[in-house]
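upload15.txt (compact mmCIF, C-alpha atoms) appears below.
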```txt
# COMPACT_ATOMS: atom_id res chain seq x y z
CA MET F 1375 26.87 14.56 5.11
CA GLY F 1376 27.68 18.15 5.77
CA ASP F 1377 26.86 19.53 2.34
CA GLY F 1378 23.21 20.36 2.64
CA ASP F 1379 21.52 17.20 1.38
CA ARG F 1380 18.53 16.42 3.51
CA ILE F 1381 18.15 12.75 4.31
CA LEU F 1382 15.20 11.02 5.91
CA ILE F 1383 15.29 7.51 7.31
CA VAL F 1384 11.75 6.10 7.11
CA VAL F 1385 10.96 3.33 9.57
CA PRO F 1386 7.46 1.86 9.38
CA ALA F 1387 6.62 0.27 12.71
CA TYR F 1388 3.83 -1.86 14.10
CA ASN F 1389 4.08 -3.03 17.70
CA GLU F 1390 7.82 -2.55 17.85
CA ALA F 1391 8.08 -0.85 21.24
CA GLN F 1392 10.65 -3.49 22.20
CA ASN F 1393 13.05 -2.93 19.31
CA ILE F 1394 12.38 0.56 17.97
CA GLY F 1395 14.32 2.43 20.64
CA THR F 1396 17.52 0.51 20.00
CA VAL F 1397 17.12 0.78 16.24
CA ILE F 1398 16.67 4.55 16.36
CA ARG F 1399 19.54 5.11 18.76
CA SER F 1400 21.91 3.06 16.60
CA VAL F 1401 20.83 4.82 13.42
CA ARG F 1402 21.29 8.22 15.05
CA GLU F 1403 24.75 7.22 16.10
CA VAL F 1404 25.63 6.15 12.57
CA VAL F 1405 24.05 9.13 10.74
CA PRO F 1406 23.53 11.98 13.20
CA ALA F 1407 22.75 14.42 10.36
CA ALA F 1408 19.80 12.46 9.02
CA ASP F 1409 16.25 12.80 10.33
CA ILE F 1410 14.53 9.63 11.40
CA LEU F 1411 10.81 9.28 10.81
CA VAL F 1412 8.93 6.46 12.45
CA VAL F 1413 5.54 5.81 10.90
CA ASP F 1414 3.55 4.14 13.63
CA ASP F 1415 0.97 2.00 11.89
CA GLY F 1416 -1.71 2.25 14.55
CA SER F 1417 0.19 0.16 17.10
CA PRO F 1418 -1.70 -0.48 20.33
CA ASP F 1419 1.60 -0.64 22.22
CA ALA F 1420 4.00 2.19 23.10
CA THR F 1421 5.83 2.22 19.76
CA ALA F 1422 5.16 5.93 19.12
CA ALA F 1423 6.18 7.05 22.62
CA VAL F 1424 9.34 4.97 22.63
CA ALA F 1425 10.29 6.25 19.18
CA ARG F 1426 9.80 9.89 20.23
CA GLN F 1427 11.82 9.35 23.35
CA ALA F 1428 14.63 7.90 21.26
CA GLY F 1429 14.64 11.09 19.22
CA ALA F 1430 12.70 10.20 16.09
CA ARG F 1431 9.96 12.17 14.42
CA VAL F 1432 6.78 10.16 14.67
CA ILE F 1433 3.73 10.03 12.44
CA SER F 1434 0.93 8.01 13.96
CA LEU F 1435 -1.59 6.58 11.54
CA PRO F 1436 -5.05 6.59 13.12
CA PHE F 1437 -5.51 2.86 12.54
CA ASN F 1438 -3.58 -0.10 11.18
CA LEU F 1439 -3.23 0.22 7.41
CA GLY F 1440 -0.37 -2.16 6.65
CA TYR F 1441 3.34 -1.99 5.97
CA GLY F 1442 3.02 -0.52 2.47
CA VAL F 1443 0.73 2.31 3.53
CA ALA F 1444 3.00 3.18 6.45
CA LEU F 1445 5.97 3.24 4.13
CA GLN F 1446 4.19 5.39 1.56
CA THR F 1447 3.20 7.80 4.33
CA GLY F 1448 6.91 8.29 4.97
CA PHE F 1449 7.58 8.85 1.27
CA LYS F 1450 4.81 11.44 1.04
CA TYR F 1451 6.16 13.17 4.13
CA ALA F 1452 9.68 13.25 2.68
CA LEU F 1453 8.39 14.67 -0.60
CA GLU F 1454 6.31 17.31 1.16
CA ARG F 1455 9.13 18.38 3.46
CA GLY F 1456 11.70 18.60 0.70
CA TYR F 1457 14.05 15.78 1.58
CA ASP F 1458 16.58 14.85 -1.09
CA TYR F 1459 17.06 11.21 -0.21
CA VAL F 1460 15.13 8.58 1.70
CA VAL F 1461 16.32 5.36 3.24
CA GLN F 1462 13.63 2.86 4.17
CA MET F 1463 14.42 0.36 6.88
CA ASP F 1464 12.57 -2.03 9.15
CA ALA F 1465 11.85 -1.39 12.80
CA ASP F 1466 12.51 -4.88 14.09
CA GLY F 1467 16.29 -4.58 14.22
CA GLN F 1468 16.80 -6.94 11.31
CA HIS F 1469 18.61 -4.32 9.25
CA GLU F 1470 22.10 -3.44 10.45
CA PRO F 1471 22.19 0.37 10.89
CA ILE F 1472 25.83 0.61 9.77
CA SER F 1473 24.68 -0.29 6.25
CA VAL F 1474 22.70 2.97 6.09
CA LEU F 1475 26.00 4.72 5.38
CA ASP F 1476 26.67 2.58 2.31
CA LEU F 1477 23.14 3.05 1.01
CA ILE F 1478 23.30 6.82 1.43
CA ALA F 1479 26.78 7.11 -0.07
CA GLU F 1480 25.66 5.11 -3.08
CA VAL F 1481 22.41 6.99 -3.73
CA ARG F 1482 24.17 10.35 -3.40
CA GLN F 1483 26.64 9.37 -6.08
CA GLY F 1484 23.72 9.49 -8.49
CA THR F 1485 24.68 6.45 -10.53
CA ALA F 1486 21.30 4.90 -9.68
CA ASP F 1487 17.94 6.15 -8.42
CA VAL F 1488 17.07 3.17 -6.23
CA ILE F 1489 19.76 1.48 -4.18
CA LEU F 1490 18.69 -1.95 -3.07
CA GLY F 1491 20.31 -3.39 0.01
CA SER F 1492 20.92 -7.05 -0.69
CA ARG F 1493 21.54 -9.58 2.03
CA PHE F 1494 22.91 -12.05 -0.51
CA LEU F 1495 25.71 -9.95 -1.98
CA GLY F 1496 29.06 -9.81 -0.24
CA SER F 1497 29.84 -11.26 3.12
CA SER F 1498 26.35 -11.48 4.56
CA THR F 1499 25.45 -14.88 5.97
CA PHE F 1500 21.69 -14.50 5.98
CA LYS F 1501 20.00 -17.89 5.66
CA PRO F 1502 16.21 -17.77 5.36
CA HIS F 1503 14.24 -20.98 5.70
CA PHE F 1504 13.43 -23.17 2.73
CA ALA F 1505 10.02 -21.87 1.63
CA ARG F 1506 11.17 -18.31 1.83
CA ARG F 1507 14.36 -19.11 -0.06
CA LEU F 1508 12.26 -20.71 -2.78
CA GLY F 1509 10.06 -17.64 -3.00
CA ILE F 1510 13.03 -15.32 -3.11
CA SER F 1511 14.76 -17.23 -5.92
CA LEU F 1512 11.50 -17.32 -7.88
CA PHE F 1513 11.01 -13.58 -7.72
CA ARG F 1514 14.72 -13.07 -8.18
CA ALA F 1515 14.49 -14.83 -11.55
CA ILE F 1516 11.37 -12.91 -12.61
CA VAL F 1517 12.61 -9.49 -11.57
CA SER F 1518 16.10 -10.03 -12.97
CA GLY F 1519 14.58 -11.16 -16.27
CA VAL F 1520 12.21 -8.23 -16.59
CA VAL F 1521 14.62 -5.58 -15.38
CA GLY F 1522 17.46 -7.01 -17.45
CA GLN F 1523 20.04 -6.96 -14.70
CA SER F 1524 20.88 -9.29 -11.89
CA ILE F 1525 18.84 -8.57 -8.77
CA THR F 1526 19.76 -10.93 -5.94
CA ASP F 1527 17.36 -9.71 -3.26
CA PRO F 1528 14.14 -8.37 -4.81
CA THR F 1529 12.23 -8.64 -1.54
CA SER F 1530 14.62 -6.46 0.42
CA GLY F 1531 13.00 -3.72 2.48
CA TYR F 1532 16.31 -1.97 3.04
CA GLN F 1533 16.66 0.63 0.27
CA ALA F 1534 17.71 4.16 -0.51
CA LEU F 1535 16.06 6.34 -3.12
CA ASN F 1536 16.19 9.85 -4.46
CA ARG F 1537 13.52 12.50 -4.80
CA ARG F 1538 12.52 11.61 -8.34
CA VAL F 1539 11.58 8.12 -7.22
CA LEU F 1540 9.72 9.60 -4.25
CA ARG F 1541 7.46 11.44 -6.67
CA LEU F 1542 6.46 8.12 -8.24
CA TYR F 1543 6.06 6.36 -4.88
CA ALA F 1544 3.74 9.07 -3.62
CA THR F 1545 1.19 8.34 -6.35
CA GLU F 1546 -1.46 5.62 -6.51
CA ALA F 1547 0.91 3.72 -8.78
CA TYR F 1548 2.69 2.55 -5.64
CA PRO F 1549 1.28 -0.86 -4.62
CA VAL F 1550 0.63 -0.23 -0.93
CA ASP F 1551 -0.59 -3.79 -0.45
CA TYR F 1552 2.79 -5.53 0.17
CA PRO F 1553 5.10 -3.43 -2.01
CA ASP F 1554 7.96 -5.67 -2.95
CA ALA F 1555 9.33 -7.22 -6.11
CA ASP F 1556 6.60 -5.55 -8.18
CA VAL F 1557 7.85 -2.12 -7.14
CA LEU F 1558 11.23 -2.83 -8.69
CA ILE F 1559 9.58 -3.67 -12.00
CA MET F 1560 7.47 -0.54 -11.86
CA VAL F 1561 10.55 1.53 -11.03
CA HIS F 1562 12.35 -0.02 -13.97
CA PHE F 1563 9.53 0.80 -16.39
CA ALA F 1564 9.39 4.33 -15.08
CA GLY F 1565 12.91 4.66 -16.38
CA PHE F 1566 14.82 4.63 -13.12
CA ARG F 1567 18.10 2.86 -12.56
CA ILE F 1568 18.39 0.24 -9.86
CA LYS F 1569 21.61 -0.79 -8.19
CA GLU F 1570 22.23 -3.44 -5.59
CA ILE F 1571 24.82 -3.22 -2.88
CA PRO F 1572 25.54 -5.63 -0.04
CA VAL F 1573 24.02 -4.86 3.35
CA VAL F 1574 24.01 -6.75 6.61
CA MET F 1575 20.72 -8.24 7.77
CA TYR F 1576 20.04 -10.41 10.77
CA PRO F 1577 17.62 -13.30 10.65
CA GLY F 1578 16.09 -12.45 14.01
CA ALA F 1579 12.42 -11.66 13.89
CA ALA F 1580 10.76 -12.65 10.66
CA HIS F 1581 10.65 -9.86 8.14
CA ARG F 1582 7.23 -8.18 8.13
CA LYS F 1583 5.90 -10.83 10.45
CA SER F 1584 2.29 -10.81 9.43
CA MET F 1585 3.28 -11.98 5.98
CA HIS F 1586 4.61 -15.32 7.13
CA SER F 1587 1.81 -16.95 9.02
CA GLY F 1588 -1.10 -19.10 7.90
CA LEU F 1589 -2.19 -18.59 4.33
CA ARG F 1590 -0.43 -15.25 4.01
CA PRO F 1591 2.59 -16.59 2.09
CA LEU F 1592 0.24 -18.10 -0.50
CA TYR F 1593 -1.63 -14.84 -0.85
CA TYR F 1594 1.70 -13.07 -1.07
CA VAL F 1595 2.86 -15.20 -4.01
CA PHE F 1596 -0.49 -14.76 -5.74
CA LYS F 1597 -0.48 -11.03 -5.16
CA MET F 1598 3.06 -10.66 -6.40
CA PHE F 1599 2.31 -12.56 -9.60
CA LEU F 1600 -0.83 -10.54 -10.26
CA SER F 1601 0.90 -7.30 -9.43
CA ILE F 1602 3.85 -8.08 -11.69
CA LEU F 1603 1.48 -9.09 -14.48
CA VAL F 1604 -0.55 -5.89 -14.36
CA THR F 1605 2.60 -3.83 -13.99
CA LEU F 1606 3.84 -5.42 -17.20
CA MET F 1607 0.48 -4.70 -18.84
CA ARG F 1608 0.63 -1.10 -17.68
CA GLN F 1609 4.17 -0.65 -18.96
CA ARG F 1610 3.08 2.07 -21.35
CA ARG F 1611 1.57 4.16 -18.60
CA TYR F 1612 4.96 4.79 -17.04
CA GLU F 1613 6.73 5.81 -20.19
CA VAL F 1614 4.87 8.65 -21.85
CA GLY F 1615 6.12 9.44 -25.33
CA GLY F 1616 9.03 7.08 -25.09
CA LYS F 1617 10.37 8.96 -22.09
CA SER F 1618 9.47 8.44 -18.51
CA GLN F 1619 7.09 11.06 -17.18
CA TRP F 1620 8.80 10.91 -13.82
CA LYS F 1621 12.16 12.29 -14.77
CA MET O 512 -45.48 -19.37 -16.87
CA GLU O 513 -48.64 -19.94 -14.95
CA MET O 514 -50.67 -17.16 -13.48
CA LYS O 515 -49.59 -17.59 -9.87
CA PRO O 516 -45.81 -17.25 -10.27
CA ARG O 517 -46.39 -14.41 -12.71
CA PHE O 518 -48.45 -12.60 -10.15
CA VAL O 519 -45.79 -13.16 -7.48
CA ALA O 520 -43.06 -11.90 -9.78
CA LEU O 521 -45.09 -8.82 -10.67
CA ALA O 522 -45.73 -8.08 -7.01
CA ILE O 523 -42.07 -8.49 -6.10
CA SER O 524 -40.89 -6.24 -8.90
CA VAL O 525 -43.36 -3.51 -7.95
CA VAL O 526 -42.40 -3.73 -4.26
CA LEU O 527 -38.73 -3.60 -5.20
CA MET O 528 -39.25 -0.56 -7.38
CA VAL O 529 -41.16 1.28 -4.68
CA LEU O 530 -38.54 0.32 -2.09
CA ILE O 531 -35.65 1.62 -4.19
CA VAL O 532 -37.37 4.91 -4.99
CA GLU O 533 -38.31 5.33 -1.34
CA LEU O 534 -34.71 4.65 -0.23
CA VAL O 535 -33.47 7.26 -2.65
CA ARG O 536 -36.12 9.70 -1.44
CA ARG O 537 -34.98 9.21 2.16
CA ARG O 538 -31.38 9.60 1.04
CA LYS O 539 -30.53 6.13 2.32
CA LEU O 540 -29.44 5.10 -1.15
CA ARG O 541 -27.55 7.28 -3.55
CA GLU O 542 -28.98 7.79 -7.02
CA GLU O 543 -25.85 6.39 -8.63
CA TYR O 544 -26.45 3.00 -7.03
CA SER O 545 -30.18 2.95 -7.60
CA TRP O 546 -30.13 2.50 -11.36
CA LEU O 547 -28.90 -1.11 -11.26
CA TRP O 548 -31.63 -2.08 -8.83
CA LEU O 549 -34.29 -0.20 -10.72
CA SER O 550 -33.31 -1.86 -13.97
CA LEU O 551 -33.50 -5.22 -12.22
CA SER O 552 -37.04 -4.59 -11.03
CA LEU O 553 -37.96 -3.29 -14.47
CA ALA O 554 -36.57 -6.43 -16.12
CA MET O 555 -38.52 -8.60 -13.69
CA PHE O 556 -41.65 -6.63 -14.39
CA ILE O 557 -41.30 -7.04 -18.16
CA LEU O 558 -40.56 -10.76 -17.95
CA ALA O 559 -43.54 -11.39 -15.70
CA LEU O 560 -45.86 -9.35 -17.85
CA TRP O 561 -44.69 -10.77 -21.13
CA PRO O 562 -44.03 -14.51 -20.91
CA GLY O 563 -43.43 -14.73 -24.64
CA PHE O 564 -40.29 -12.66 -24.21
CA LEU O 565 -39.11 -14.95 -21.40
CA ARG O 566 -39.63 -17.98 -23.66
CA PHE O 567 -37.77 -16.20 -26.42
CA VAL O 568 -34.79 -15.45 -24.14
CA THR O 569 -34.87 -19.03 -22.82
CA GLY O 570 -34.53 -20.33 -26.36
CA LEU O 571 -31.84 -17.79 -27.07
CA ILE O 572 -29.51 -18.93 -24.27
CA GLY O 573 -30.36 -22.58 -24.89
CA ALA O 574 -32.09 -23.21 -21.57
CA VAL O 575 -34.96 -25.68 -21.27
CA LEU O 576 -36.96 -24.24 -18.42
CA SER O 577 -37.87 -20.59 -18.16
CA THR O 578 -37.10 -20.77 -14.45
CA SER O 579 -33.46 -21.54 -15.36
CA THR O 580 -33.40 -18.36 -17.41
CA LEU O 581 -34.63 -16.38 -14.45
CA PHE O 582 -32.07 -17.95 -12.11
CA PHE O 583 -29.32 -17.46 -14.66
CA PHE O 584 -29.99 -13.75 -14.99
CA ALA O 585 -30.54 -13.34 -11.27
CA LEU O 586 -27.08 -14.82 -10.61
CA LEU O 587 -25.52 -12.75 -13.35
CA PHE O 588 -27.05 -9.63 -11.89
CA LEU O 589 -25.87 -10.42 -8.36
CA MET O 590 -22.39 -11.06 -9.69
CA LEU O 591 -22.30 -7.75 -11.52
CA ILE O 592 -23.54 -5.80 -8.55
CA ASN O 593 -20.88 -7.48 -6.37
CA ILE O 594 -18.17 -6.53 -8.79
CA GLN O 595 -19.47 -2.99 -8.68
CA PHE O 596 -19.27 -3.10 -4.88
CA SER O 597 -15.71 -4.45 -4.99
CA VAL O 598 -14.72 -1.58 -7.24
CA GLU O 599 -16.39 0.86 -4.89
CA ILE O 600 -14.73 -0.65 -1.84
CA SER O 601 -11.35 -0.50 -3.55
CA SER O 602 -11.74 3.17 -4.28
CA LEU O 603 -13.07 3.84 -0.78
CA ARG O 604 -10.07 2.10 0.71
CA THR O 605 -7.74 4.24 -1.35
CA GLN O 606 -9.57 7.34 -0.19
CA VAL O 607 -9.48 6.25 3.44
CA LYS O 608 -5.77 5.48 3.12
CA ASN O 609 -5.05 8.91 1.66
CA LEU O 610 -7.13 10.62 4.33
CA ALA O 611 -5.39 8.73 7.12
CA GLN O 612 -1.98 9.54 5.69
CA GLN O 613 -2.84 13.20 5.32
CA LEU O 614 -4.35 13.41 8.78
CA ALA O 615 -1.35 11.73 10.42
CA THR O 616 1.15 13.88 8.53
CA THR O 617 -0.74 17.09 9.25
CA ARG O 618 -0.99 16.18 12.92
CA GLU O 619 2.75 15.63 13.10
CA GLY O 620 3.30 19.04 11.50
CA ALA O 621 0.86 20.74 13.87
CA GLU O 622 2.46 19.19 16.96
CA ARG O 623 5.84 20.22 15.70
CA SER O 624 4.88 23.83 15.03
CA SER O 625 2.98 24.22 18.29
CA VAL O 626 6.07 23.09 20.17
CA ALA O 627 8.11 25.55 18.11
CA ALA O 628 5.65 28.33 18.99
CA GLU O 629 6.06 27.65 22.68
CA GLY O 630 9.67 28.63 22.59
CA PRO O 631 11.92 28.31 19.60
CA ASP O 632 15.11 28.71 21.64
CA ASP O 633 14.13 25.77 23.66
CA VAL O 634 13.55 23.38 20.83
CA ASP O 635 15.92 20.58 20.13
CA TRP O 636 14.22 18.27 17.69
CA GLY O 637 16.72 15.55 18.14
CA GLN O 638 16.50 15.21 21.90
CA GLY O 639 14.29 13.25 24.20
CA GLY O 640 13.20 16.43 25.98
CA SER O 641 11.19 17.77 23.09
CA GLY O 642 9.94 14.26 22.54
CA ASP O 643 8.39 14.29 25.96
CA ARG O 644 6.62 17.51 25.22
CA LEU O 645 5.39 16.26 21.90
CA ARG O 646 4.01 13.28 23.65
CA GLY O 647 2.13 15.48 26.07
CA LEU O 648 0.44 17.20 23.18
CA GLY O 649 -0.55 14.00 21.52
```
Translate this file's structure into structure tokens.
Amino acid sequence: MGDGDRILIVVPAYNEAQNIGTVIRSVREVVPAADILVVDDGSPDATAAVARQAGARVISLPFNLGYGVALQTGFKYALERGYDYVVQMDADGQHEPISVLDLIAEVRQGTADVILGSRFLGSSTFKPHFARRLGISLFRAIVSGVVGQSITDPTSGYQALNRRVLRLYATEAYPVDYPDADVLIMVHFAGFRIKEIPVVMYPGAAHRKSMHSGLRPLYYVFKMFLSILVTLMRQRRYEVGGKSQWK
Amino acid sequence: MEMKPRFVALAISVVLMVLIVELVRRRKLREEYSWLWLSLSLAMFILALWPGFLRFVTGLIGAVLSTSTLFFFALLFLMLINIQFSVEISSLRTQVKNLAQQLATTREGAERSSVAAEGPDDVDWGQGGSGDRLRGLG
């Protein structure tokens, strides 16, 4: 990555003092030229301190605002500080750091604006439990249908994007309340190209833990349907005069 | 309506009106939120003063008892004001989110530049050493 592109790895973290150090050290080993930004979402534990010690930049939100807000904070930071590309990854060690290289290589080629890391393409052996698999295939069908291309892992939080997409993500259009499959649809309507590549993910700790306990999954499905519906209704807002206003 | 409930309704609407104006005067309630409450007390006042109108409205919505009409509109009003509050809360949450993001990002920038001011030669952003110092400042 010696040719001047500035790359930021955004890692939203809540109570990840146990895993964050290892994650950051492995990412730094894989991409020493990239900056790593941990957005500490008001964790009561030592997440921020551990992340700094491991060599990451740390933004500490004053209180817990949720995964989407933490992520968007990273996007705004990247936009403000002039980064060219952003990779978003989880802090719990579920995302294999080696895959960062593939994501970055792909987004820098410029054939797509959002590179989605899919755990279902290629050799990955990720096996989520039944309910989650059902949810994923449901949203897979919806997103693939709307976007008009096959998307195997619409709920993946392992992605790379370029600066033009950052500009969209930094606005209120970005659904900070569980950004997920609906973001892909919004990105599509804004005129961006999406591409999926295989990445390695480990089952380990449940992805975005808080989303998978109690009634949360139900709310999640409801929210995603509503969000997709209004995104479809807003379609026109993203394409001004037949052309996307974001490009 | 009989005289007694009419009198009670009149009294309540007057008290409500005075309360709202007083809250606005003491700056406990912003003008923009007072108009819904004031129109409620005004509507109550008119209905209590003019039972013919209440009977007319009752016939209009197909209710049998005029008390049903009152309850119906009271519920409708409460619903509307709650929706207004939800809208307000949503926009407040967005504002709080943006403030928190800006504060956190600015703080990171300030910590970074104050470390840089201490001794630029000494700074190695990638290493644990500067991390320790950053932590001290936090």
(request) Find, counting all atoms listed in the file, the residue in F:Val1550, F:Val1481, F:Ile1489, F:Leu1435 that gets nearest to Arg604 of chain O. (result) F:Val1550
(request) Return the single residue from F:Val1384, F:Val1443, F:Ala1391, F:Ile1478 that is closest to Asn609 of chain O, with distances computed using only C-alpha atoms. (result) F:Val1443
(request) Output as a PyMOL selection string the set of chain F residues within 12 Å of chain O, with distances taken over only C-alpha atoms. (result) chain F and resi 1395+1398-1399+1402-1403+1406-1416+1420-1440+1442-1455+1544-1551
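Between atom CA of Ser1530 of chain F and atom CA of Val1557 of chain F the interatomic distance comes to 11.0 Å.
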(message) List as a ChimeraX atom specification the residues having at least one atom at most 12 Å from position (17.7, -9.6, -11.4) as given in the file, counting only C-alpha atoms.
(response) /F:1490,1492,1510-1529,1555,1558-1559,1562,1568-1570
(message) Just to confirm, what's the straight-line distance from atom CA of Pro1471 of chain F to atom CA of Tyr1552 of chain F in Å (one decimal)?
(response) 22.9 Å
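Considering all atoms listed in the file, the residue among O:Ala554, O:Val532, O:Trp546, O:Arg566 positioned nearest to Ser579 of chain O is O:Arg566.
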(request) In Å, rounded to a single decimal, give me how far atom CA of Ser1601 of chain F is from atom CA of Ala1486 of chain F. (result) 23.8 Å
(message) At a cut-off of 10 Å, using only C-alpha atoms, what residues contact Ile592 of chain O? Leave out same-chain residues fewer than 6 positions from it and give the result as a PyMOL selection string.
(response) chain O and resi 544+547-548+586+598
